[in-house]
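Below is input13.cif, which holds mmCIF, C-alpha atoms.
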data_start
loop_
_atom_site.label_atom_id
_atom_site.label_comp_id
_atom_site.auth_asym_id
_atom_site.auth_seq_id
_atom_site.Cartn_x
_atom_site.Cartn_y
_atom_site.Cartn_z
CA MET Q 1 7.58 -4.96 39.54
CA ARG Q 2 4.53 -6.05 41.47
CA GLN Q 3 3.89 -9.72 41.13
CA ARG Q 4 0.36 -10.97 41.28
CA ALA Q 5 -1.07 -14.46 40.95
CA ALA Q 6 -2.33 -15.11 37.43
CA ASP Q 7 -5.98 -14.12 37.16
CA TRP Q 8 -7.88 -16.75 35.21
CA SER Q 9 -11.37 -15.27 35.62
CA VAL Q 10 -13.12 -13.96 32.52
CA GLU Q 11 -12.63 -10.40 33.70
CA GLY Q 12 -8.96 -11.04 34.34
CA LEU Q 13 -8.46 -12.56 30.91
CA VAL Q 14 -10.20 -9.67 29.17
CA LYS Q 15 -8.10 -7.17 31.10
CA GLY Q 16 -4.97 -9.10 30.28
CA ALA Q 17 -5.85 -9.09 26.60
CA LEU Q 18 -6.65 -5.37 26.41
CA PRO Q 19 -3.06 -4.16 25.91
CA THR Q 20 -2.54 -6.52 22.95
CA ILE Q 21 -5.96 -5.66 21.51
CA SER Q 22 -5.23 -1.93 21.80
CA ALA Q 23 -1.93 -2.47 19.96
CA ILE Q 24 -3.61 -4.39 17.15
CA LEU Q 25 -6.29 -1.70 16.90
CA CYS Q 26 -3.58 0.95 16.52
CA VAL Q 27 -1.98 -1.10 13.73
CA LEU Q 28 -5.36 -1.34 11.97
CA LEU Q 29 -6.04 2.39 12.38
CA ALA Q 30 -2.70 3.22 10.76
CA THR Q 31 -3.54 0.98 7.80
CA VAL Q 32 -7.00 2.36 7.00
CA PRO Q 33 -6.94 4.61 3.90
CA TYR Q 34 -7.71 8.19 4.94
CA GLY Q 35 -7.77 9.85 1.53
CA VAL Q 36 -5.27 12.54 2.49
CA PRO Q 37 -2.59 13.11 -0.20
CA GLN Q 38 0.79 11.61 0.71
CA LEU Q 39 -0.42 10.70 4.21
CA SER Q 40 -0.01 6.97 3.77
CA THR Q 41 3.75 7.36 3.21
CA VAL Q 42 4.25 9.32 6.42
CA MET Q 43 1.35 7.91 8.44
CA PRO Q 44 2.25 8.21 12.15
CA TRP Q 45 3.60 4.93 13.43
CA LEU Q 46 0.65 4.19 15.71
CA GLY Q 47 1.54 0.52 16.21
CA ILE Q 48 4.74 1.19 18.13
CA MET Q 49 3.05 3.51 20.66
CA PRO Q 50 1.06 0.89 22.62
CA ILE Q 51 4.12 -1.39 22.55
CA TYR Q 52 6.12 1.38 24.22
CA TYR Q 53 3.31 2.37 26.58
CA TRP Q 54 2.50 -1.12 27.85
CA SER Q 55 6.18 -2.07 28.11
CA ILE Q 56 6.39 0.65 30.75
CA HIS Q 57 3.01 0.33 32.43
CA GLU Q 58 1.97 -3.33 32.21
CA PRO Q 59 4.72 -5.40 30.63
CA ARG Q 60 3.23 -8.63 32.03
CA TYR Q 61 0.13 -8.09 29.85
CA LEU Q 62 2.20 -7.49 26.74
CA PRO Q 63 4.81 -10.25 26.78
CA ASN Q 64 7.52 -10.57 24.15
CA TRP Q 65 5.50 -12.96 22.04
CA ALA Q 66 2.52 -10.54 22.02
CA ALA Q 67 4.76 -7.70 20.78
CA PHE Q 68 6.08 -10.10 18.14
CA MET Q 69 2.54 -11.00 17.02
CA VAL Q 70 1.45 -7.34 16.85
CA GLY Q 71 4.49 -6.64 14.67
CA LEU Q 72 3.64 -9.60 12.48
CA CYS Q 73 0.11 -8.18 12.08
CA GLN Q 74 1.60 -4.91 10.87
CA ASP Q 75 3.93 -6.77 8.49
CA ILE Q 76 1.02 -8.64 6.98
CA LEU Q 77 -1.41 -5.74 6.75
CA THR Q 78 1.07 -3.32 5.21
CA GLY Q 79 2.73 -5.84 2.90
CA GLY Q 80 6.24 -4.85 3.91
CA PRO Q 81 9.13 -7.25 4.50
CA LEU Q 82 7.70 -10.10 6.59
CA GLY Q 83 9.23 -10.18 10.07
CA LEU Q 84 10.51 -6.58 10.00
CA PHE Q 85 8.01 -5.06 12.41
CA ALA Q 86 7.87 -8.29 14.42
CA LEU Q 87 11.58 -7.86 15.08
CA ILE Q 88 11.38 -4.12 15.77
CA PHE Q 89 8.43 -4.40 18.18
CA LEU Q 90 10.09 -7.31 19.96
CA LEU Q 91 13.28 -5.32 20.47
CA VAL Q 92 11.36 -2.23 21.59
CA ARG Q 93 9.39 -4.34 24.10
CA HIS Q 94 12.60 -5.91 25.39
CA PHE Q 95 14.64 -2.74 25.80
CA VAL Q 96 11.87 -0.47 27.09
CA THR Q 97 10.82 -3.05 29.69
CA GLY Q 98 14.42 -3.21 30.84
CA GLN Q 99 14.45 0.57 31.38
CA ARG Q 100 10.83 0.96 32.49
CA LEU Q 101 11.57 2.38 35.93
CA LEU Q 102 13.13 5.41 34.23
CA PHE Q 103 9.71 6.23 32.79
CA PHE Q 104 7.18 4.60 35.14
CA LYS Q 105 5.03 7.14 37.03
CA LYS Q 106 7.28 9.99 35.90
CA PRO Q 107 6.00 13.33 34.52
CA PHE Q 108 4.45 12.98 31.10
CA LEU Q 109 7.29 14.88 29.42
CA VAL Q 110 9.71 12.14 30.47
CA GLY Q 111 7.54 9.49 28.82
CA TRP Q 112 7.18 11.65 25.73
CA TRP Q 113 10.93 12.12 25.53
CA GLY Q 114 11.39 8.35 25.84
CA MET Q 115 8.87 7.72 23.08
CA ALA Q 116 10.70 10.20 20.83
CA LEU Q 117 13.99 8.41 21.48
CA VAL Q 118 12.46 4.99 20.79
CA LEU Q 119 10.79 6.29 17.62
CA VAL Q 120 14.04 7.70 16.25
CA LEU Q 121 16.00 4.52 17.02
CA ALA Q 122 13.26 2.18 15.76
CA ALA Q 123 12.76 4.18 12.55
CA ALA Q 124 16.50 4.24 11.92
CA GLY Q 125 16.67 0.49 12.52
CA GLY Q 126 13.66 -0.09 10.27
CA TRP Q 127 15.14 2.04 7.53
CA LEU Q 128 18.43 0.16 7.73
CA LEU Q 129 16.83 -3.30 7.75
CA ALA Q 130 14.44 -2.45 4.91
CA SER Q 131 17.29 -0.96 2.89
CA ILE Q 132 19.30 -4.16 3.32
CA TYR Q 133 16.21 -6.22 2.49
CA ASP Q 134 15.51 -4.29 -0.70
CA GLY Q 135 19.16 -3.96 -1.64
CA MET Q 136 18.97 -0.19 -2.02
CA LEU Q 137 18.85 2.86 0.23
CA LEU Q 138 15.23 3.85 0.80
CA PRO Q 139 14.46 7.58 0.61
CA LEU Q 140 15.12 8.92 4.10
CA SER Q 141 12.77 11.91 4.18
CA PRO Q 142 9.47 9.99 4.61
CA PHE Q 143 10.99 8.25 7.64
CA THR Q 144 11.93 11.61 9.15
CA VAL Q 145 8.48 13.08 8.56
CA GLN Q 146 6.87 9.94 9.96
CA VAL Q 147 8.93 10.18 13.15
CA VAL Q 148 8.08 13.87 13.63
CA LEU Q 149 4.35 13.26 13.06
CA SER Q 150 4.46 10.26 15.40
CA ILE Q 151 6.09 12.28 18.17
CA MET Q 152 3.46 14.98 17.73
CA ILE Q 153 0.53 12.57 17.95
CA TYR Q 154 1.87 10.46 20.84
CA PRO Q 155 0.24 12.55 23.65
CA LEU Q 156 -3.18 11.77 22.15
CA VAL Q 157 -2.48 8.05 21.95
CA ALA Q 158 -0.92 8.05 25.43
CA TRP Q 159 -4.03 9.76 26.79
CA ALA Q 160 -6.28 7.09 25.27
CA LEU Q 161 -4.04 4.29 26.52
CA GLY Q 162 -3.95 5.97 29.94
CA GLY Q 163 -7.73 5.57 30.13
CA LEU Q 164 -7.33 1.94 29.26
CA TRP Q 165 -4.62 1.49 31.87
CA LEU Q 166 -7.04 2.55 34.60
CA VAL Q 167 -9.30 -0.30 33.52
CA VAL Q 168 -6.47 -2.80 33.23
CA SER Q 169 -4.69 -1.96 36.48
CA ASP Q 170 -7.49 -1.57 39.03
CA MET I 1 13.27 -13.70 23.37
CA ALA I 2 16.26 -15.08 21.48
CA LEU I 3 14.01 -17.64 19.80
CA LEU I 4 11.58 -14.94 18.66
CA ILE I 5 14.46 -12.85 17.27
CA VAL I 6 15.66 -15.88 15.34
CA ILE I 7 12.13 -16.48 14.04
CA ALA I 8 11.80 -12.84 12.93
CA LEU I 9 15.17 -12.89 11.17
CA GLY I 10 14.28 -16.26 9.65
CA LEU I 11 11.03 -14.82 8.31
CA LEU I 12 12.89 -11.86 6.80
CA ILE I 13 15.38 -14.10 5.03
CA PHE I 14 12.72 -16.60 4.02
CA SER I 15 10.40 -13.91 2.60
CA ARG I 16 13.34 -12.52 0.64
CA THR I 17 14.23 -15.88 -0.90
CA ASP I 18 10.95 -17.78 -1.25
CA SER I 19 8.37 -15.13 -1.93
CA ASP I 20 5.83 -17.57 -3.39
CA THR I 21 5.26 -19.47 -0.16
CA VAL I 22 5.29 -16.23 1.80
CA ASP I 23 2.75 -14.72 -0.61
CA ARG I 24 0.42 -17.64 0.01
CA VAL I 25 0.77 -17.44 3.79
CA GLU I 26 0.36 -13.66 3.68
CA ALA I 27 -2.75 -13.98 1.52
CA VAL I 28 -4.40 -16.17 4.19
CA ALA I 29 -3.36 -13.68 6.85
CA HIS I 30 -4.57 -10.54 5.09
CA ASP I 31 -7.81 -12.37 4.42
CA ALA I 32 -8.17 -12.65 8.18
CA GLY I 33 -7.45 -8.94 8.65
CA ALA I 34 -9.60 -7.76 5.75
CA PRO I 35 -13.00 -7.82 7.53
CA PHE I 36 -11.66 -5.62 10.34
CA LEU I 37 -10.13 -3.15 7.91
CA ASP I 38 -13.31 -3.22 5.87
CA VAL I 39 -15.38 -2.20 8.90
CA LEU I 40 -12.86 0.42 10.05
CA SER I 41 -12.50 2.00 6.61
CA ARG I 42 -16.25 2.51 6.16
CA PRO I 43 -16.68 5.45 8.55
CA VAL I 44 -13.61 7.08 7.00
CA ASP I 45 -15.10 6.61 3.54
CA GLY I 46 -18.41 8.02 4.76
CA LEU I 47 -16.71 11.07 6.22
CA GLN I 48 -14.79 11.63 3.01
CA SER I 49 -17.90 11.53 0.85
CA LEU I 50 -19.68 13.83 3.32
CA ILE I 51 -16.87 16.38 3.06
CA GLY I 52 -16.91 15.90 -0.70
CA SER I 53 -20.64 16.52 -0.99
CA LEU I 54 -20.46 19.59 1.27
CA ARG I 55 -17.70 20.97 -0.90
CA SER I 56 -19.59 20.34 -4.11
CA LEU I 57 -22.72 22.02 -2.66
CA VAL I 58 -20.76 25.25 -2.44
CA ASP I 59 -19.87 25.44 -6.10
CA LEU I 60 -22.80 23.56 -7.55
CA GLN I 61 -23.80 26.27 -10.00
CA ALA I 62 -20.36 26.75 -11.49
CA GLU I 63 -19.80 23.01 -11.67
CA ASN I 64 -23.09 22.54 -13.45
CA GLU I 65 -22.12 25.04 -16.14
CA ALA I 66 -18.72 23.46 -16.54
CA LEU I 67 -20.22 19.99 -16.80
CA LYS I 68 -22.73 21.10 -19.44
CA GLU I 69 -19.93 22.56 -21.48
CA GLU I 70 -17.86 19.43 -21.08
CA MET I 71 -20.80 17.25 -22.08
CA GLN I 72 -21.20 19.17 -25.30
CA ARG I 73 -17.54 18.70 -26.04
CA LEU I 74 -17.64 15.00 -25.17
CA ARG I 75 -20.70 14.42 -27.37
CA GLY I 76 -18.50 15.36 -30.29
CA TRP I 77 -15.86 12.92 -29.12
CA GLU I 78 -18.47 10.22 -28.62
CA ALA I 79 -19.41 10.45 -32.27
CA VAL I 80 -15.76 10.26 -33.26
CA ALA I 81 -15.16 7.30 -30.96
CA MET I 82 -18.13 5.37 -32.31
CA ARG I 83 -17.04 5.96 -35.88
CA LEU I 84 -13.47 4.91 -35.10
CA ASP I 85 -14.60 1.86 -33.14
CA HIS I 86 -16.66 0.72 -36.09
CA GLU I 87 -13.85 1.40 -38.52
CA ASN I 88 -11.44 -0.42 -36.25
CA LYS I 89 -13.64 -3.51 -36.11
CA VAL I 90 -14.02 -3.56 -39.88
CA LEU I 91 -10.29 -3.17 -40.45
CA ARG I 92 -9.47 -5.84 -37.87
CA ALA I 93 -11.87 -8.18 -39.60
CA PHE I 94 -10.09 -7.49 -42.91
CA LEU I 95 -6.73 -8.24 -41.34
CA ASN I 96 -8.02 -11.22 -39.41
CA ALA I 97 -6.10 -9.81 -36.46
CA LYS I 98 -6.14 -11.32 -32.99
CA THR I 99 -7.32 -8.89 -30.36
CA ASP I 100 -6.22 -8.91 -26.76
CA GLY I 101 -8.55 -10.92 -24.60
CA MET I 102 -10.12 -8.60 -22.07
CA GLY I 103 -12.34 -10.37 -19.58
CA PRO I 104 -14.71 -8.74 -17.13
CA VAL I 105 -13.40 -6.06 -14.82
CA ILE I 106 -13.42 -6.81 -11.09
CA ALA I 107 -13.99 -3.88 -8.74
CA GLY I 108 -12.54 -3.92 -5.25
CA ARG I 109 -12.88 -1.32 -2.52
CA VAL I 110 -9.57 -0.11 -1.12
CA ILE I 111 -9.62 -1.13 2.55
CA GLY I 112 -5.97 -0.90 3.51
CA ASP I 113 -3.07 1.40 2.87
CA SER I 114 0.61 0.81 3.38
CA GLY I 115 0.67 3.07 6.47
CA GLY I 116 4.37 3.91 6.37
CA PRO I 117 7.40 4.56 4.22
CA TYR I 118 8.37 0.91 3.66
CA VAL I 119 6.15 -0.15 0.82
CA ARG I 120 3.64 1.35 -1.61
CA ALA I 121 0.75 -1.07 -1.79
CA VAL I 122 -2.97 -1.18 -1.06
CA LEU I 123 -5.31 -3.92 0.10
CA VAL I 124 -8.66 -4.37 -1.67
CA ASN I 125 -11.68 -6.41 -0.62
CA ALA I 126 -11.80 -8.60 -3.70
CA GLY I 127 -9.97 -11.91 -3.95
CA SER I 128 -9.89 -15.22 -5.76
CA GLN I 129 -13.59 -15.67 -5.00
CA GLN I 130 -14.27 -12.69 -7.28
CA GLY I 131 -11.81 -13.94 -9.90
CA VAL I 132 -8.76 -11.93 -8.93
CA ALA I 133 -5.47 -13.65 -9.78
CA LYS I 134 -1.84 -12.83 -9.09
CA GLY I 135 -0.22 -10.66 -11.74
CA GLN I 136 -3.38 -8.99 -12.99
CA ALA I 137 -3.18 -5.32 -13.93
CA VAL I 138 -5.10 -2.78 -11.87
CA THR I 139 -6.48 0.62 -12.82
CA ASP I 140 -8.47 3.28 -11.03
CA GLY I 141 -10.93 3.24 -13.91
CA ARG I 142 -8.83 5.40 -16.22
CA TYR I 143 -5.18 5.06 -15.36
CA ALA I 144 -2.87 2.16 -14.56
CA ILE I 145 -2.12 2.04 -10.84
CA GLY I 146 -0.36 -1.26 -10.24
CA GLN I 147 -0.63 -5.00 -10.28
CA VAL I 148 -1.88 -7.76 -8.01
CA ILE I 149 0.93 -9.36 -5.98
CA SER I 150 -0.90 -11.60 -3.56
CA VAL I 151 -4.43 -12.96 -3.53
CA GLY I 152 -6.53 -14.40 -0.73
CA HIS I 153 -10.11 -15.58 -0.94
CA LEU I 154 -11.59 -12.21 -0.03
CA SER I 155 -8.75 -9.76 -0.37
CA ALA I 156 -5.83 -8.98 -2.62
CA ARG I 157 -2.77 -6.80 -2.34
CA ILE I 158 -1.90 -4.42 -5.14
CA LEU I 159 1.66 -3.24 -5.60
CA LEU I 160 1.44 0.38 -6.75
CA ILE I 161 3.59 1.63 -9.62
CA THR I 162 5.44 3.88 -7.16
CA ASP I 163 6.74 0.95 -5.06
CA LEU I 164 10.43 0.28 -5.37
CA ASN I 165 9.74 -3.25 -6.57
CA SER I 166 7.40 -2.11 -9.35
CA ARG I 167 8.54 -2.30 -12.98
CA VAL I 168 6.06 -1.49 -15.72
CA PRO I 169 6.86 -1.67 -19.44
CA VAL I 170 5.79 1.67 -20.88
CA MET I 171 6.15 3.88 -23.93
CA ILE I 172 6.28 7.60 -24.57
CA GLU I 173 3.05 8.49 -26.32
CA ARG I 174 4.65 11.18 -28.51
CA THR I 175 7.50 9.10 -29.88
CA GLY I 176 6.52 5.49 -29.22
CA ASP I 177 9.89 4.85 -27.52
CA ARG I 178 9.78 1.93 -25.08
CA ALA I 179 11.11 2.10 -21.55
CA ILE I 180 10.57 0.70 -18.07
CA LEU I 181 8.78 2.72 -15.41
CA ALA I 182 10.59 1.95 -12.17
CA GLY I 183 9.23 2.97 -8.76
CA ASP I 184 11.46 3.86 -5.83
CA ASN I 185 8.86 4.47 -3.08
CA SER I 186 8.86 8.19 -3.89
CA PRO I 187 5.70 9.76 -5.37
CA LEU I 188 7.47 10.18 -8.72
CA PRO I 189 8.79 7.00 -10.36
CA GLU I 190 11.51 7.24 -12.99
CA LEU I 191 11.84 6.09 -16.58
CA ARG I 192 14.68 3.62 -17.14
CA PHE I 193 16.22 1.89 -20.13
CA LEU I 194 15.15 4.54 -22.64
CA PRO I 195 16.63 3.65 -26.01
CA VAL I 196 19.65 5.68 -27.13
CA GLY I 197 18.53 8.85 -28.86
CA ALA I 198 15.05 8.81 -27.34
CA THR I 199 13.99 12.15 -25.93
CA LEU I 200 11.70 12.68 -23.00
CA LYS I 201 10.20 16.14 -22.65
CA GLU I 202 8.27 17.73 -19.84
CA GLY I 203 4.57 17.00 -20.22
CA ASP I 204 5.07 13.83 -22.27
CA ARG I 205 2.38 11.29 -21.55
CA ILE I 206 3.49 7.79 -20.63
CA LEU I 207 1.34 4.81 -21.63
CA THR I 208 1.69 1.12 -20.91
CA SER I 209 3.36 -0.57 -23.86
CA GLY I 210 1.72 -3.94 -23.35
CA ASP I 211 5.13 -5.64 -23.47
CA GLY I 212 5.31 -8.56 -21.09
CA GLY I 213 1.59 -9.09 -21.23
CA VAL I 214 0.64 -7.89 -17.75
CA PHE I 215 -0.87 -4.56 -18.72
CA PRO I 216 -3.01 -4.06 -21.80
CA ALA I 217 -1.29 -1.69 -24.22
CA ARG I 218 -1.87 2.08 -24.27
CA LEU I 219 -3.25 2.49 -20.78
CA PRO I 220 -2.28 5.99 -19.56
CA VAL I 221 0.14 5.84 -16.63
CA GLY I 222 1.71 9.24 -16.02
CA GLU I 223 3.30 12.33 -17.40
CA ALA I 224 6.84 13.66 -17.33
CA VAL I 225 7.56 16.44 -14.87
CA THR I 226 10.78 18.31 -14.16
CA THR I 227 12.28 17.86 -10.70
CA ASP I 228 15.64 18.70 -9.15
CA ASP I 229 16.50 15.13 -9.99
CA GLY I 230 15.82 15.53 -13.72
CA LEU I 231 12.68 14.33 -15.47
CA ARG I 232 10.48 12.00 -13.45
CA ILE I 233 7.03 10.59 -14.08
CA ARG I 234 4.03 11.80 -12.12
CA PRO I 235 1.34 9.09 -11.99
CA LEU I 236 -1.98 10.29 -13.39
CA ALA I 237 -3.96 8.33 -10.81
CA ASP I 238 -4.62 9.99 -7.47
CA PHE I 239 -3.39 7.33 -5.05
CA ALA I 240 -4.58 9.23 -2.00
CA ARG I 241 -8.20 9.27 -3.09
CA LEU I 242 -8.25 5.74 -4.40
CA GLU I 243 -11.60 4.38 -3.27
CA TYR I 244 -12.02 1.59 -5.76
CA ALA I 245 -9.52 -0.38 -7.76
CA LEU I 246 -10.56 -2.04 -11.00
CA ILE I 247 -8.73 -5.29 -11.59
CA LEU I 248 -8.43 -6.24 -15.25
CA ASP I 249 -8.90 -9.85 -16.17
CA TYR I 250 -6.65 -9.40 -19.16
CA HIS I 251 -5.22 -12.24 -21.20
CA PHE I 252 -2.19 -11.71 -23.31
CA PRO I 253 -2.83 -13.30 -26.69
CA GLU I 254 -0.78 -16.50 -26.79
CA LEU I 255 2.35 -16.15 -28.81
CA LYS I 256 1.69 -19.32 -30.78
CA GLU I 257 -1.70 -17.99 -31.83
CA ARG I 258 0.01 -15.04 -33.42
CA LEU I 259 2.66 -16.92 -35.32
CA PRO I 260 1.59 -18.81 -38.38
CA GLU I 261 1.80 -22.60 -38.03
CA PRO I 262 5.08 -24.07 -39.31
CA ASP I 263 3.48 -26.03 -42.16
CA GLU I 264 1.55 -22.91 -43.16
CA GLN I 265 4.86 -21.09 -43.44
CA THR I 266 6.39 -23.76 -45.62
CA ALA I 267 3.26 -23.85 -47.75
CA GLU I 268 3.54 -20.11 -48.29
CA ALA I 269 7.25 -20.34 -49.00
CA ALA I 270 6.70 -23.02 -51.63
CA PRO I 271 6.34 -21.62 -55.13
#
Give the structure from this file in structure tokens form.
Amino acid sequence: MRQRAADWSVEGLVKGALPTISAILCVLLATVPYGVPQLSTVMPWLGIMPIYYWSIHEPRYLPNWAAFMVGLCQDILTGGPLGLFALIFLLVRHFVTGQRLLFFKKPFLVGWWGMALVLVLAAAGGWLLASIYDGMLLPLSPFTVQVVLSIMIYPLVAWALGGLWLVVSD
Amino acid sequence: MALLIVIALGLLIFSRTDSDTVDRVEAVAHDAGAPFLDVLSRPVDGLQSLIGSLRSLVDLQAENEALKEEMQRLRGWEAVAMRLDHENKVLRAFLNAKTDGMGPVIAGRVIGDSGGPYVRAVLVNAGSQQGVAKGQAVTDGRYAIGQVISVGHLSARILLITDLNSRVPVMIERTGDRAILAGDNSPLPELRFLPVGATLKEGDRILTSGDGGVFPARLPVGEAVTTDDGLRIRPLADFARLEYALILDYHFPELKERLPEPDEQTAEAAP
């Protein structure tokens, strides 16, 4: 990982904040009501995508605590168990950063495959934690559909984040 | 890292055990998020109404005819309703009956959805400033949709009747049998605790029973439909196209107001 001196200029601070802002924006976009029947149950998990993306490309700009805060935002906006997404995003940030060289500057398909793997594991973990929290097994099918939709939409989100990365990394 | 994991787990356990404090903290937080959601949801709303108006342009003629017909039919019902309303008032006056206290209705625009399979709730842009309070019943204008679970100054969260934590006292319109409508995060909640011998048939309408005092009585909720899983209840409200939520400032008549005073009772009992 390239180490650079901390950049305390205004431009540097804005650039440093962009990954977190993009993650919060994704969380907000997933929470807006779209008026499509049954979509809200299986809404693609947009919030996890920037966590995954920045953990690979610029982990220094999305530290553990930032991933935690983004997760907390999702917890609060969706009204789910408080701390659930904070925990999931934190773990995703931690594990993906640890394996980032597997995905960094590799063909897009590799990154896509990694995202799919993370989505499946994170959704399974989320389902398990929420089921324990609620004391009953949550219906599994919406989770499956959500994961499939999320995998399908990831290229679009990755493309947008890629544009942002050019700004952040130059 | 370890500290943050502990904090997250602590929050999970804390929110499970002390939901009141968490509700208050969450209310402050979703207040902070509400303006952003409000702004973001506006273009989506605009697009929806644009699509809606384009669609209605196509079948304007047919719709017009249908509406005229329906208006004729409803005029008849209006006359019936007015007569019954009058009769009702007169009879209530005779009986000296207490009516349920229904305050003004508060309208809130739906600005946030649950965005995932974990919970069935929506966020509206009306809060304590507009008079919203925790526990109030919410409708979409015609049908019961849920109840308020946390209130900030400018926003409130509504737990929908399909959420797995939702329990609504209901009755079957046809028979008057009481039951509890229990959500399980699926689109079709189920009817629990039906009395022995009660029968639920496909197509039966389910109304709120008013038991428990959260929902006013006889608000339509759903209808029974057959699934692989037996009979379930399909909510009448269209949760996907929920643009506004109407929050009912409904007061359950106090129990002591209903019961005669003790000395009154003894006076009546005396010969």
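With distances taken from (-9.9, -3.6, 32.7) and restricted to all atoms listed in the file, the residues inside 10 Å are Q:Glu11, Q:Gly12, Q:Leu13, Q:Val14, Q:Lys15, Q:Gly16, Q:Ala17, Q:Leu18, Q:Pro19, Q:Gly163, Q:Leu164, Q:Trp165, Q:Leu166, Q:Val167, Q:Val168, Q:Ser169, Q:Asp170.
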Original post:
So which residues get picked by the PyMOL selection byres ((chain I and resi 163) around 9) here, written as JSON, numbers by chain?
Top reply: {"I": [118, 119, 120, 121, 159, 160, 161, 162, 164, 165, 166, 167, 182, 183, 184, 185, 186, 187, 189]}
**OP:** In the coordinate frame of the file, compute which residues have an atom within 9 Å of (-5.6, -4.5, -9.9) when using only C-alpha atoms, and state them as a PyMOL selection string.
**Re:** chain I and resi 106-108+124+132+135-140+144-148+156-159+245-249
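Shortest separation to chain Q among I:Val221, I:Ala32, I:Ile149, I:Ala240 occurs at residue I:Ala240, atoms counted being only C-alpha atoms.
For the choices Q:Ile151, Q:Leu82, Q:Leu117, Q:Leu28, the atom-to-atom distance to I:Thr21 is smallest for Q:Leu82 when using only C-alpha atoms.
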Using all atoms listed in the file and a cut-off of 7 Å, which residues of chain I sit close to chain Q? Please list them as a short mmCIF file (atom, residue, chain, number, x, y, z; two decimals) with C-alpha atoms, keeping the file's coordinate frame.
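Writing the result to result-v6.cif gives the following:
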data_model
loop_
_atom_site.label_atom_id
_atom_site.label_comp_id
_atom_site.auth_asym_id
_atom_site.auth_seq_id
_atom_site.Cartn_x
_atom_site.Cartn_y
_atom_site.Cartn_z
CA MET I 1 13.27 -13.70 23.37
CA ILE I 5 14.46 -12.85 17.27
CA ALA I 8 11.80 -12.84 12.93
CA LEU I 9 15.17 -12.89 11.17
CA LEU I 11 11.03 -14.82 8.31
CA LEU I 12 12.89 -11.86 6.80
CA SER I 15 10.40 -13.91 2.60
CA GLU I 26 0.36 -13.66 3.68
CA ALA I 29 -3.36 -13.68 6.85
CA HIS I 30 -4.57 -10.54 5.09
CA LEU I 37 -10.13 -3.15 7.91
CA LEU I 40 -12.86 0.42 10.05
CA SER I 41 -12.50 2.00 6.61
CA VAL I 44 -13.61 7.08 7.00
CA ILE I 111 -9.62 -1.13 2.55
CA GLY I 112 -5.97 -0.90 3.51
CA ASP I 113 -3.07 1.40 2.87
CA SER I 114 0.61 0.81 3.38
CA GLY I 115 0.67 3.07 6.47
CA GLY I 116 4.37 3.91 6.37
CA PRO I 117 7.40 4.56 4.22
CA TYR I 118 8.37 0.91 3.66
CA VAL I 119 6.15 -0.15 0.82
CA ALA I 121 0.75 -1.07 -1.79
CA ALA I 240 -4.58 9.23 -2.00
CA ARG I 241 -8.20 9.27 -3.09
#
Subject >> Atom-to-atom span, atom CA of I:Leu207 and atom CA of I:Glu190, Å >> reply: 13.6 Å
Around all listed atoms of stretch 140-152 of chain Q, padded 4 Å per side, what centre and edge lengths does the axis-aligned box have in Å to one decimal, as AutoDock Vina command-line options?
--center_x 9.3 --center_y 11.6 --center_z 11.1 --size_x 19.7 --size_y 14.7 --size_z 22.1
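For the residues Q:Val118, Q:Pro59, Q:Leu128, Q:Val10, ranking by smallest atom-to-atom distance to Q:Tyr154 using all atoms listed in the file places Q:Val118 first.
The smallest atom-to-atom distance between Q:Ala124 and any of Q:Val110, Q:Ile24, Q:Leu102, Q:Val147, using all atoms listed in the file, is found for Q:Val147.
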**OP:** Might you pull out every residue within 10 Å of Q:Gly111, with all atoms listed in the file counted and same-chain residues fewer than 6 positions away left off, and present them as a PyMOL selection string?
**Re:** chain Q and resi 52-53+56+100+102-105+117+154-155+158
Given the selection you just returned, output its residues as a file containing C-alpha atoms, formatted as an mmCIF file, in the frame of the given file.
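Result file is again-v5.cif:
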data_model
loop_
_atom_site.group_PDB
_atom_site.id
_atom_site.type_symbol
_atom_site.label_atom_id
_atom_site.label_comp_id
_atom_site.auth_asym_id
_atom_site.auth_seq_id
_atom_site.Cartn_x
_atom_site.Cartn_y
_atom_site.Cartn_z
ATOM 1 C CA TYR Q 52 6.120 1.380 24.220
ATOM 2 C CA TYR Q 53 3.310 2.370 26.580
ATOM 3 C CA ILE Q 56 6.390 0.650 30.750
ATOM 4 C CA ARG Q 100 10.830 0.960 32.490
ATOM 5 C CA LEU Q 102 13.130 5.410 34.230
ATOM 6 C CA PHE Q 103 9.710 6.230 32.790
ATOM 7 C CA PHE Q 104 7.180 4.600 35.140
ATOM 8 C CA LYS Q 105 5.030 7.140 37.030
ATOM 9 C CA LEU Q 117 13.990 8.410 21.480
ATOM 10 C CA TYR Q 154 1.870 10.460 20.840
ATOM 11 C CA PRO Q 155 0.240 12.550 23.650
ATOM 12 C CA ALA Q 158 -0.920 8.050 25.430
#
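The set of residues that the PyMOL selection byres ((chain I and resi 208) around 9) takes from this file is Ala144, Val168, Pro169, Val170, Met171, Ile172, Ile206, Leu207, Ser209, Gly210, Asp211, Phe215, Pro216, Ala217, Arg218, Leu219, Pro220 and Val221 of chain I.
Distances from Q:Ser55, Q:Trp8, Q:Leu161, Q:Leu119 to Q:Gly98 were compared using only C-alpha atoms, and the smallest one belongs to Q:Ser55.
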Original post:
atom CA of I:Val151 to atom CA of I:Ala34: how many Å, to one decimal?
Top reply: 11.8 Å
